[in-house]
file input-v9.cif (mmCIF, C-alpha atoms and all ligand atoms)
data_my_file
#
loop_
_atom_site.label_atom_id
_atom_site.label_comp_id
_atom_site.auth_asym_id
_atom_site.auth_seq_id
_atom_site.Cartn_x
_atom_site.Cartn_y
_atom_site.Cartn_z
CA MET A 20 -105.04 1.54 -0.84
CA SER A 21 -102.62 1.10 2.04
CA GLY A 22 -102.77 -1.48 4.82
CA ASP A 23 -105.15 -4.39 4.55
CA LYS A 24 -108.46 -2.67 5.11
CA LYS A 25 -110.78 -2.37 2.16
CA VAL A 26 -111.24 1.10 0.77
CA LEU A 27 -114.53 2.94 0.98
CA PHE A 28 -115.44 6.12 -0.88
CA SER A 29 -118.48 8.31 -0.51
CA GLY A 30 -119.39 11.94 -0.84
CA MET A 31 -122.13 14.48 -0.37
CA GLN A 32 -122.93 17.65 -2.17
CA ALA A 33 -122.74 20.94 -0.34
CA THR A 34 -126.06 22.14 -1.69
CA GLY A 35 -129.07 22.71 0.52
CA SER A 36 -129.09 22.11 4.26
CA LEU A 37 -128.61 18.55 5.42
CA THR A 38 -131.73 16.88 6.76
CA LEU A 39 -132.38 14.33 9.43
CA GLY A 40 -132.77 11.91 6.52
CA ASN A 41 -129.19 12.56 5.36
CA TYR A 42 -127.96 12.03 8.89
CA LEU A 43 -129.89 8.89 9.82
CA GLY A 44 -129.70 7.40 6.33
CA ALA A 45 -126.07 8.16 5.50
CA LEU A 46 -123.80 10.13 7.79
CA LYS A 47 -124.54 8.07 10.88
CA ASN A 48 -123.73 4.86 8.99
CA TRP A 49 -120.52 6.37 7.67
CA VAL A 50 -119.32 6.63 11.25
CA THR A 51 -120.04 2.95 11.85
CA LEU A 52 -118.27 1.97 8.64
CA SER A 53 -115.16 3.95 9.49
CA ASP A 54 -113.90 1.22 11.81
CA GLU A 55 -114.00 -1.47 9.19
CA TYR A 56 -112.79 0.39 6.10
CA GLU A 57 -110.20 2.87 5.06
CA CYS A 58 -112.56 5.70 4.27
CA PHE A 59 -112.54 8.68 1.95
CA TYR A 60 -115.42 11.06 2.61
CA SER A 61 -115.45 13.90 0.18
CA VAL A 62 -117.35 17.16 0.02
CA VAL A 63 -118.09 16.97 -3.70
CA ASP A 64 -118.13 20.65 -4.54
CA MET A 65 -117.21 20.04 -8.18
CA HIS A 66 -120.48 18.20 -8.66
CA SER A 67 -122.32 21.14 -7.12
CA ILE A 68 -121.47 23.55 -9.93
CA THR A 69 -123.41 21.48 -12.45
CA VAL A 70 -126.22 23.66 -11.12
CA ARG A 71 -125.62 27.42 -10.80
CA GLN A 72 -124.39 28.35 -7.30
CA ASP A 73 -123.78 31.55 -5.41
CA PRO A 74 -119.99 31.57 -4.77
CA ALA A 75 -120.02 32.80 -1.16
CA GLU A 76 -122.87 30.48 -0.31
CA LEU A 77 -121.18 27.47 -1.90
CA ARG A 78 -117.95 28.13 -0.01
CA LYS A 79 -119.80 28.45 3.29
CA ARG A 80 -121.90 25.36 2.76
CA ALA A 81 -118.89 23.28 1.75
CA ARG A 82 -117.06 24.22 4.93
CA ASN A 83 -120.14 23.59 7.04
CA LEU A 84 -120.58 20.17 5.48
CA LEU A 85 -116.97 19.23 6.10
CA THR A 86 -117.31 20.41 9.70
CA LEU A 87 -120.50 18.43 10.05
CA TYR A 88 -118.75 15.22 8.93
CA ILE A 89 -116.45 15.66 11.92
CA ALA A 90 -119.24 16.76 14.27
CA ALA A 91 -121.14 13.59 13.38
CA GLY A 92 -118.24 11.55 14.71
CA LEU A 93 -115.92 10.93 11.76
CA ASP A 94 -112.39 11.13 13.08
CA PRO A 95 -110.32 13.07 10.54
CA GLU A 96 -107.19 11.25 11.69
CA LYS A 97 -108.69 7.94 10.61
CA ASN A 98 -110.89 9.09 7.72
CA CYS A 99 -109.82 11.19 4.80
CA ILE A 100 -112.24 14.11 4.91
CA TYR A 101 -111.53 16.57 2.11
CA TYR A 102 -112.81 18.83 -0.64
CA GLN A 103 -113.07 17.27 -4.08
CA SER A 104 -111.93 20.55 -5.66
CA HIS A 105 -108.65 20.42 -3.72
CA VAL A 106 -107.53 17.31 -5.56
CA SER A 107 -107.06 18.08 -9.25
CA GLY A 108 -106.87 14.35 -9.99
CA HIS A 109 -110.67 14.18 -9.95
CA ALA A 110 -110.92 16.46 -12.97
CA GLU A 111 -107.97 14.80 -14.70
CA LEU A 112 -109.32 11.30 -14.39
CA ALA A 113 -112.82 12.46 -15.28
CA TRP A 114 -111.50 13.76 -18.61
CA ILE A 115 -109.83 10.47 -19.37
CA LEU A 116 -112.90 8.46 -18.39
CA ASN A 117 -115.06 10.71 -20.58
CA CYS A 118 -113.20 9.17 -23.49
CA PHE A 119 -114.28 5.71 -22.32
CA THR A 120 -117.93 6.53 -21.76
CA TYR A 121 -120.56 6.37 -24.48
CA MET A 122 -123.18 9.02 -24.99
CA GLY A 123 -125.71 6.22 -25.23
CA GLU A 124 -124.88 5.25 -21.66
CA LEU A 125 -125.19 8.80 -20.38
CA ASN A 126 -128.46 9.28 -22.24
CA ARG A 127 -129.98 6.56 -20.08
CA MET A 128 -129.22 8.26 -16.74
CA THR A 129 -132.51 9.02 -15.02
CA GLN A 130 -131.01 11.67 -12.75
CA PHE A 131 -129.78 13.61 -15.78
CA LYS A 132 -133.25 13.50 -17.28
CA ASP A 133 -134.80 14.70 -14.01
CA LYS A 134 -132.29 17.49 -13.51
CA ALA A 135 -132.45 18.59 -17.14
CA ALA A 136 -136.20 18.92 -16.78
CA LYS A 137 -135.79 20.89 -13.55
CA HIS A 138 -133.07 23.21 -14.88
CA ALA A 139 -134.22 23.58 -18.48
CA ASP A 140 -132.38 26.91 -18.81
CA ASN A 141 -129.00 25.39 -17.91
CA ILE A 142 -128.58 21.92 -19.38
CA ASN A 143 -124.79 22.06 -19.42
CA ALA A 144 -122.27 19.41 -20.44
CA GLY A 145 -121.17 19.02 -16.80
CA LEU A 146 -124.65 17.97 -15.81
CA TYR A 147 -124.50 15.42 -18.60
CA THR A 148 -121.10 14.00 -17.64
CA TYR A 149 -121.80 14.20 -13.89
CA PRO A 150 -121.72 10.37 -13.61
CA VAL A 151 -118.25 10.31 -15.17
CA LEU A 152 -116.91 12.66 -12.52
CA MET A 153 -118.51 10.43 -9.94
CA ALA A 154 -116.80 7.41 -11.51
CA ALA A 155 -113.50 9.30 -11.33
CA ASP A 156 -114.07 10.02 -7.60
CA ILE A 157 -114.53 6.36 -6.86
CA LEU A 158 -111.92 4.85 -9.16
CA LEU A 159 -109.22 7.35 -8.23
CA TYR A 160 -109.01 5.81 -4.75
CA GLN A 161 -109.45 2.21 -5.93
CA ALA A 162 -112.54 1.98 -3.73
CA ASP A 163 -113.94 -1.46 -2.97
CA VAL A 164 -117.23 -0.23 -1.58
CA VAL A 165 -119.41 2.82 -2.03
CA PRO A 166 -122.29 3.49 0.33
CA VAL A 167 -125.00 5.20 -1.69
CA GLY A 168 -128.71 5.70 -1.67
CA LYS A 169 -130.91 3.93 -4.20
CA ASP A 170 -131.02 7.06 -6.35
CA GLN A 171 -127.28 6.73 -6.99
CA LEU A 172 -127.22 3.04 -7.91
CA GLN A 173 -127.41 3.77 -11.62
CA HIS A 174 -124.32 5.97 -11.31
CA LEU A 175 -122.48 3.21 -9.52
CA GLU A 176 -123.47 0.78 -12.24
CA ILE A 177 -122.02 3.03 -14.95
CA THR A 178 -118.86 3.43 -12.82
CA ARG A 179 -118.45 -0.33 -12.83
CA ASP A 180 -119.06 -0.49 -16.58
CA ILE A 181 -116.47 2.20 -17.29
CA ALA A 182 -113.93 0.53 -14.99
CA GLN A 183 -114.50 -2.86 -16.56
CA ARG A 184 -114.19 -1.42 -20.05
CA PHE A 185 -110.93 0.30 -19.13
CA ASN A 186 -109.52 -2.80 -17.45
CA GLY A 187 -110.56 -4.86 -20.46
CA ILE A 188 -108.34 -2.73 -22.68
CA TYR A 189 -105.39 -1.99 -20.39
CA GLY A 190 -105.29 -4.77 -17.79
CA ASP A 191 -106.12 -4.47 -14.11
CA VAL A 192 -105.96 -0.78 -13.43
CA PHE A 193 -109.11 -0.12 -11.41
CA THR A 194 -110.73 -1.95 -8.54
CA ILE A 195 -114.35 -2.69 -9.45
CA PRO A 196 -116.45 -1.07 -6.72
CA GLU A 197 -119.49 -2.62 -5.07
CA PRO A 198 -122.44 -0.61 -3.81
CA TYR A 199 -122.99 -0.73 -0.09
CA ILE A 200 -126.64 -0.50 0.82
CA GLY A 201 -126.98 -0.08 4.57
CA LYS A 202 -128.47 -3.07 6.38
CA VAL A 203 -130.65 -1.02 8.66
CA GLY A 204 -130.69 1.84 6.15
CA ALA A 205 -133.14 4.15 7.84
CA LYS A 206 -134.92 5.61 4.85
CA ILE A 207 -136.63 8.69 6.19
CA MET A 208 -139.60 10.06 4.28
CA SER A 209 -141.00 13.59 4.08
CA LEU A 210 -143.17 14.56 7.05
CA GLN A 211 -145.62 16.18 4.67
CA ASN A 212 -145.70 13.42 2.08
CA PRO A 213 -144.63 10.04 3.46
CA GLU A 214 -144.50 8.56 -0.06
CA LYS A 215 -141.56 10.85 -0.89
CA LYS A 216 -138.03 10.76 0.49
CA MET A 217 -137.11 13.52 2.96
CA SER A 218 -135.03 15.80 0.80
CA LYS A 219 -132.85 18.86 1.27
CA SER A 220 -134.25 20.28 -1.94
CA ASP A 221 -137.89 19.97 -0.87
CA GLU A 222 -139.75 23.24 -1.44
CA ASN A 223 -141.90 22.67 1.62
CA PRO A 224 -139.64 23.22 4.67
CA ASN A 225 -142.18 21.45 6.89
CA GLY A 226 -141.51 18.18 5.09
CA SER A 227 -137.90 18.03 6.27
CA ILE A 228 -136.20 18.34 9.63
CA TYR A 229 -132.90 20.13 9.07
CA LEU A 230 -129.93 19.21 11.20
CA MET A 231 -129.65 22.80 12.38
CA ASP A 232 -133.35 23.19 13.29
CA ASP A 233 -133.87 24.37 16.87
CA PRO A 234 -135.90 22.21 19.29
CA ASP A 235 -139.12 24.23 18.92
CA THR A 236 -139.00 23.89 15.15
CA VAL A 237 -138.35 20.16 15.37
CA ILE A 238 -141.28 19.62 17.73
CA ARG A 239 -143.56 21.79 15.61
CA LYS A 240 -142.68 19.91 12.42
CA CYS A 241 -143.26 16.54 14.10
CA LYS A 242 -146.61 17.69 15.45
CA ARG A 243 -147.67 18.78 11.97
CA ALA A 244 -146.54 15.56 10.31
CA VAL A 245 -149.15 14.13 7.95
CA THR A 246 -150.64 10.91 9.33
CA ASP A 247 -154.04 9.25 8.88
CA SER A 248 -157.40 8.88 10.59
CA GLU A 249 -156.94 5.34 11.87
CA ALA A 250 -155.98 6.48 15.37
CA ASN A 251 -153.82 3.42 15.77
CA ILE A 252 -150.05 3.33 16.09
CA ALA A 253 -149.06 0.40 13.89
CA TYR A 254 -146.13 -0.35 11.63
CA ARG A 255 -147.71 -1.12 8.30
CA ASP A 256 -147.80 -0.04 4.65
CA GLU A 257 -151.34 1.30 4.95
CA GLN A 258 -150.15 3.96 7.42
CA PRO A 259 -147.03 5.41 5.77
CA GLY A 260 -147.01 8.58 7.88
CA ILE A 261 -147.09 6.73 11.19
CA ARG A 262 -144.64 4.17 9.90
CA ASN A 263 -142.20 6.94 8.98
CA LEU A 264 -142.54 8.46 12.45
CA ILE A 265 -141.86 5.04 13.96
CA ASP A 266 -138.76 4.72 11.76
CA ILE A 267 -137.54 8.11 12.93
CA TYR A 268 -138.23 7.26 16.56
CA CYS A 269 -136.40 3.93 16.26
CA ALA A 270 -133.39 5.45 14.50
CA CYS A 271 -133.11 8.10 17.22
CA THR A 272 -133.65 5.84 20.24
CA GLY A 273 -132.22 2.53 19.06
CA LYS A 274 -135.53 0.80 19.80
CA THR A 275 -137.19 -1.64 17.40
CA SER A 276 -140.50 -1.00 15.66
CA ASP A 277 -142.14 -3.78 17.73
CA GLU A 278 -140.97 -2.19 20.96
CA THR A 279 -142.21 1.18 19.80
CA VAL A 280 -145.63 -0.09 18.80
CA ARG A 281 -145.96 -1.76 22.23
CA GLU A 282 -144.74 1.36 24.03
CA PHE A 283 -147.41 3.53 22.43
CA GLU A 284 -150.26 1.04 22.34
CA GLY A 285 -153.59 2.77 22.95
CA ARG A 286 -152.01 6.23 23.04
CA GLY A 287 -152.90 9.12 20.77
CA TYR A 288 -151.04 10.44 17.73
CA GLY A 289 -150.44 13.78 19.49
CA GLU A 290 -148.58 12.12 22.32
CA PHE A 291 -146.58 9.93 19.94
CA LYS A 292 -145.59 12.85 17.72
CA MET A 293 -144.38 14.72 20.78
CA ALA A 294 -142.23 11.73 21.79
CA VAL A 295 -140.81 11.52 18.25
CA GLY A 296 -139.97 15.23 18.36
CA GLU A 297 -138.20 14.84 21.69
CA ALA A 298 -136.25 11.83 20.44
CA VAL A 299 -135.08 13.83 17.43
CA VAL A 300 -134.08 16.78 19.61
CA SER A 301 -132.04 14.47 21.82
CA VAL A 302 -130.04 13.41 18.75
CA LEU A 303 -129.67 16.86 17.19
CA LYS A 304 -128.72 18.77 20.34
CA PRO A 305 -125.30 17.17 20.91
CA LEU A 306 -124.62 17.20 17.16
CA GLN A 307 -125.35 20.93 16.96
CA ALA A 308 -123.26 21.65 20.04
CA ARG A 309 -120.30 19.79 18.58
CA PHE A 310 -120.76 21.57 15.27
CA GLU A 311 -120.77 25.00 16.96
CA GLU A 312 -117.68 24.15 18.93
CA LEU A 313 -115.77 22.89 15.88
CA SER A 314 -116.88 25.83 13.74
CA LYS A 315 -115.23 28.20 16.19
CA ASP A 316 -111.94 26.34 15.94
CA LYS A 317 -110.86 27.70 12.61
CA GLY A 318 -107.26 26.59 12.99
CA TYR A 319 -108.24 23.01 13.64
CA ILE A 320 -110.60 22.75 10.68
CA ASP A 321 -108.00 24.37 8.45
CA SER A 322 -105.41 21.83 9.57
CA VAL A 323 -107.78 18.96 8.75
CA ILE A 324 -108.44 20.44 5.32
CA ARG A 325 -104.74 20.81 4.61
CA ALA A 326 -103.58 17.41 5.89
CA ASN A 327 -106.41 15.38 4.40
CA GLY A 328 -106.33 17.25 1.09
CA GLU A 329 -102.67 16.31 0.81
CA LYS A 330 -103.33 12.71 1.73
CA ALA A 331 -106.11 12.42 -0.83
CA GLY A 332 -103.90 14.07 -3.44
CA TYR A 333 -101.14 11.57 -2.78
CA CYS A 334 -103.47 8.56 -3.16
CA ALA A 335 -105.03 10.06 -6.29
CA MET A 336 -101.62 10.62 -7.88
CA LYS A 337 -100.74 6.95 -7.48
CA THR A 338 -103.72 5.90 -9.58
CA LEU A 339 -103.29 8.71 -12.08
CA ARG A 340 -99.67 7.82 -12.76
CA LYS A 341 -100.69 4.27 -13.51
CA VAL A 342 -103.48 5.44 -15.82
CA HIS A 343 -101.24 7.89 -17.69
CA LYS A 344 -98.72 5.19 -18.33
CA LYS A 345 -101.32 2.70 -19.53
CA ILE A 346 -102.95 5.04 -22.01
CA GLY A 347 -99.63 6.18 -23.46
CA PHE A 348 -99.11 9.71 -22.13
CA PRO A 349 -95.42 10.64 -22.23
CA GLU A 350 -93.45 10.19 -19.07
CA ARG A 351 -92.78 13.32 -17.02
CA ILE A 352 -89.17 14.39 -16.96
CA ARG A 353 -88.03 15.43 -13.51
N1 LIG A 401 -123.81 12.02 -6.67
C1 LIG A 401 -123.82 11.78 -5.25
C2 LIG A 401 -125.11 12.34 -4.65
O1 LIG A 401 -125.62 13.33 -5.11
C3 LIG A 401 -122.64 12.41 -4.56
C4 LIG A 401 -121.36 11.80 -5.01
C5 LIG A 401 -120.43 12.34 -5.85
C6 LIG A 401 -120.89 10.52 -4.65
N2 LIG A 401 -119.42 11.49 -6.01
C7 LIG A 401 -119.65 10.37 -5.31
C8 LIG A 401 -121.39 9.50 -3.84
C9 LIG A 401 -118.92 9.20 -5.19
C10 LIG A 401 -120.67 8.33 -3.73
C11 LIG A 401 -119.43 8.18 -4.39
O2 LIG A 401 -125.57 11.79 -3.68
#

call {"tool": "encode", "arguments": {"input": "input-v9.cif", "output": "structure tokens"}}
result
Amino acid sequence: MSGDKKVLFSGMQATGSLTLGNYLGALKNWVTLSDEYECFYSVVDMHSITVRQDPAELRKRARNLLTLYIAAGLDPEKNCIYYQSHVSGHAELAWILNCFTYMGELNRMTQFKDKAAKHADNINAGLYTYPVLMAADILLYQADVVPVGKDQLQHLEITRDIAQRFNGIYGDVFTIPEPYIGKVGAKIMSLQNPEKKMSKSDENPNGSIYLMDDPDTVIRKCKRAVTDSEANIAYRDEQPGIRNLIDIYCACTGKTSDETVREFEGRGYGEFKMAVGEAVVSVLKPLQARFEELSKDKGYIDSVIRANGEKAGYCAMKTLRKVHKKIGFPERIR
């Protein structure tokens, strides 16, 4: 939006506790990307209320997530780290984009179908138009790239369709965003079911390592990880449990899968699981320490929230003004 760097937008929901999968698969890459792009990393609390939330819990989790962004290494001077709900432009643009989105398109969204099935007692309109709010997030900042997991690709596709439709009518208003799928995208699977992604909403807490798990818990979960009876540490499809542990080990140590297989050749699963646990602890320990330290500095976090909220609001306003003008809203009299 300013300068010559391309703009990147991404966000996470403040629901559930972040897992090692969220860190290795997303947050860690965000830090790498922050050199190359002008980044907006939002805590998307408005998306969270599409599912019923406890107010105090939501507020606490949102603040923890924002703090965690910084603890993970995102410099809030260089990256715009802010709460979605602090920038009213998200809701304003979402309304406008709703009028350029067809129900037929929304009916096709697989995440809506999944969530509607899961929350049958609360299939609200917000859950239905969730992708439109997501489109507003991205288009508001004229983002060029959006790092997302595979599960969000359909939402990015509809964002592009809405933007193209709007531009087709009104001229070049929105940048058409591209998905950014990490090159080394460490996709971490559940420790209890290596066919399933490690998820913060998993009912079985042993399947996920949470970023705030203490060392004993991490080691215990690694030791209990579901593997196989081959008694052979190899990186192959037939041994998804071991392969997942190798992925985790590599992501935590920076080693390659070949190196890891060689390192543990002829050794038992027990020993390998222990090494994986220790590698994870060595990543989580400094992260947790930094998080604790930052959490205590209320004034600092508050100042980040204020300054970055304002910055985001300013950027959002620029796009909104353009949109208002294009669609024919009356000019504001000052
Ligand atoms: N829907 C995304 C998720 O659950 C979060 C999100 C909201 C997002 N708005 C976004 C991600 C904009 C990327 C860009 O993962």

call {"tool": "closest_residue", "arguments": {"input": "input-v9.cif", "among": "A:Gly30, A:Gly187, A:Gly287, A:Gly108", "to": "ligand LIG 401 (chain A)", "atoms": "all atoms listed in the file"}}
result
A:Gly30

call {"tool": "closest_atom_pairs", "arguments": {"input": "input-v9.cif", "of": "chain A", "to": "ligand LIG 401 (chain A)", "cutoff": "6 Å", "atoms": "all atoms listed in the file", "output": "tab-separated table"}}
result
residue	atom	partner	partner_atom	distance
A:Phe28	CA	A:LIG401	C11	5.7
A:Ser29	CA	A:LIG401	C10	3.9
A:Gly30	CA	A:LIG401	C6	4.3
A:Met31	CA	A:LIG401	C3	4.7
A:Gln32	CA	A:LIG401	C3	5.8
A:Val63	CA	A:LIG401	C5	5.6
A:Met153	CA	A:LIG401	N2	4.2
A:Asp156	CA	A:LIG401	C9	5.5
A:Ile157	CA	A:LIG401	C9	5.5
A:Val165	CA	A:LIG401	C11	5.9
A:Val167	CA	A:LIG401	C10	5.7

call {"tool": "closest_residue", "arguments": {"input": "input-v9.cif", "among": "A:Pro74, A:Pro224, A:Pro305, A:Pro150", "to": "Asn126 in chain A", "atoms": "only C-alpha atoms"}}
result
A:Pro150

call {"tool": "atom_distance", "arguments": {"input": "input-v9.cif", "atom1": "CA of Cys271 in chain A", "atom2": "CA of Ile200 in chain A"}}
result
19.6 Å

call {"tool": "closest_residue", "arguments": {"input": "input-v9.cif", "among": "A:Leu116, A:Leu306, A:Leu159, A:Ala144", "to": "Leu46 in chain A", "atoms": "all atoms listed in the file"}}
result
A:Leu306

call {"tool": "closest_residue", "arguments": {"input": "input-v9.cif", "among": "A:Lys47, A:Lys337, A:Asp163, A:Leu52", "to": "Asp23 in chain A", "atoms": "only C-alpha atoms"}}
result
A:Asp163

call {"tool": "residues_around", "arguments": {"input": "input-v9.cif", "residues": "Asn98 in chain A", "least_positions_apart": "3", "cutoff": "7 Å", "atoms": "all atoms listed in the file", "output": "list in words"}}
result
Ser53, Glu57, Cys58, Phe59, Leu93, Asp94 and Pro95 of chain A

call {"tool": "closest_residue", "arguments": {"input": "input-v9.cif", "among": "A:Leu172, A:Val164, A:Leu339, A:Ala33", "to": "Gln130 in chain A", "atoms": "all atoms listed in the file"}}
result
A:Leu172

call {"tool": "atom_distance", "arguments": {"input": "input-v9.cif", "atom1": "CA of Ile177 in chain A", "atom2": "CA of Tyr121 in chain A"}}
result
10.2 Å

call {"tool": "residues_near_point", "arguments": {"input": "input-v9.cif", "point": "(-142.4, 9.5, 6.8)", "cutoff": "6 Å", "atoms": "all atoms listed in the file", "output": "list of chain:residue names"}}
result
A:Ile207, A:Met208, A:Ser209, A:Leu210, A:Pro213, A:Gly260, A:Asn263, A:Leu264
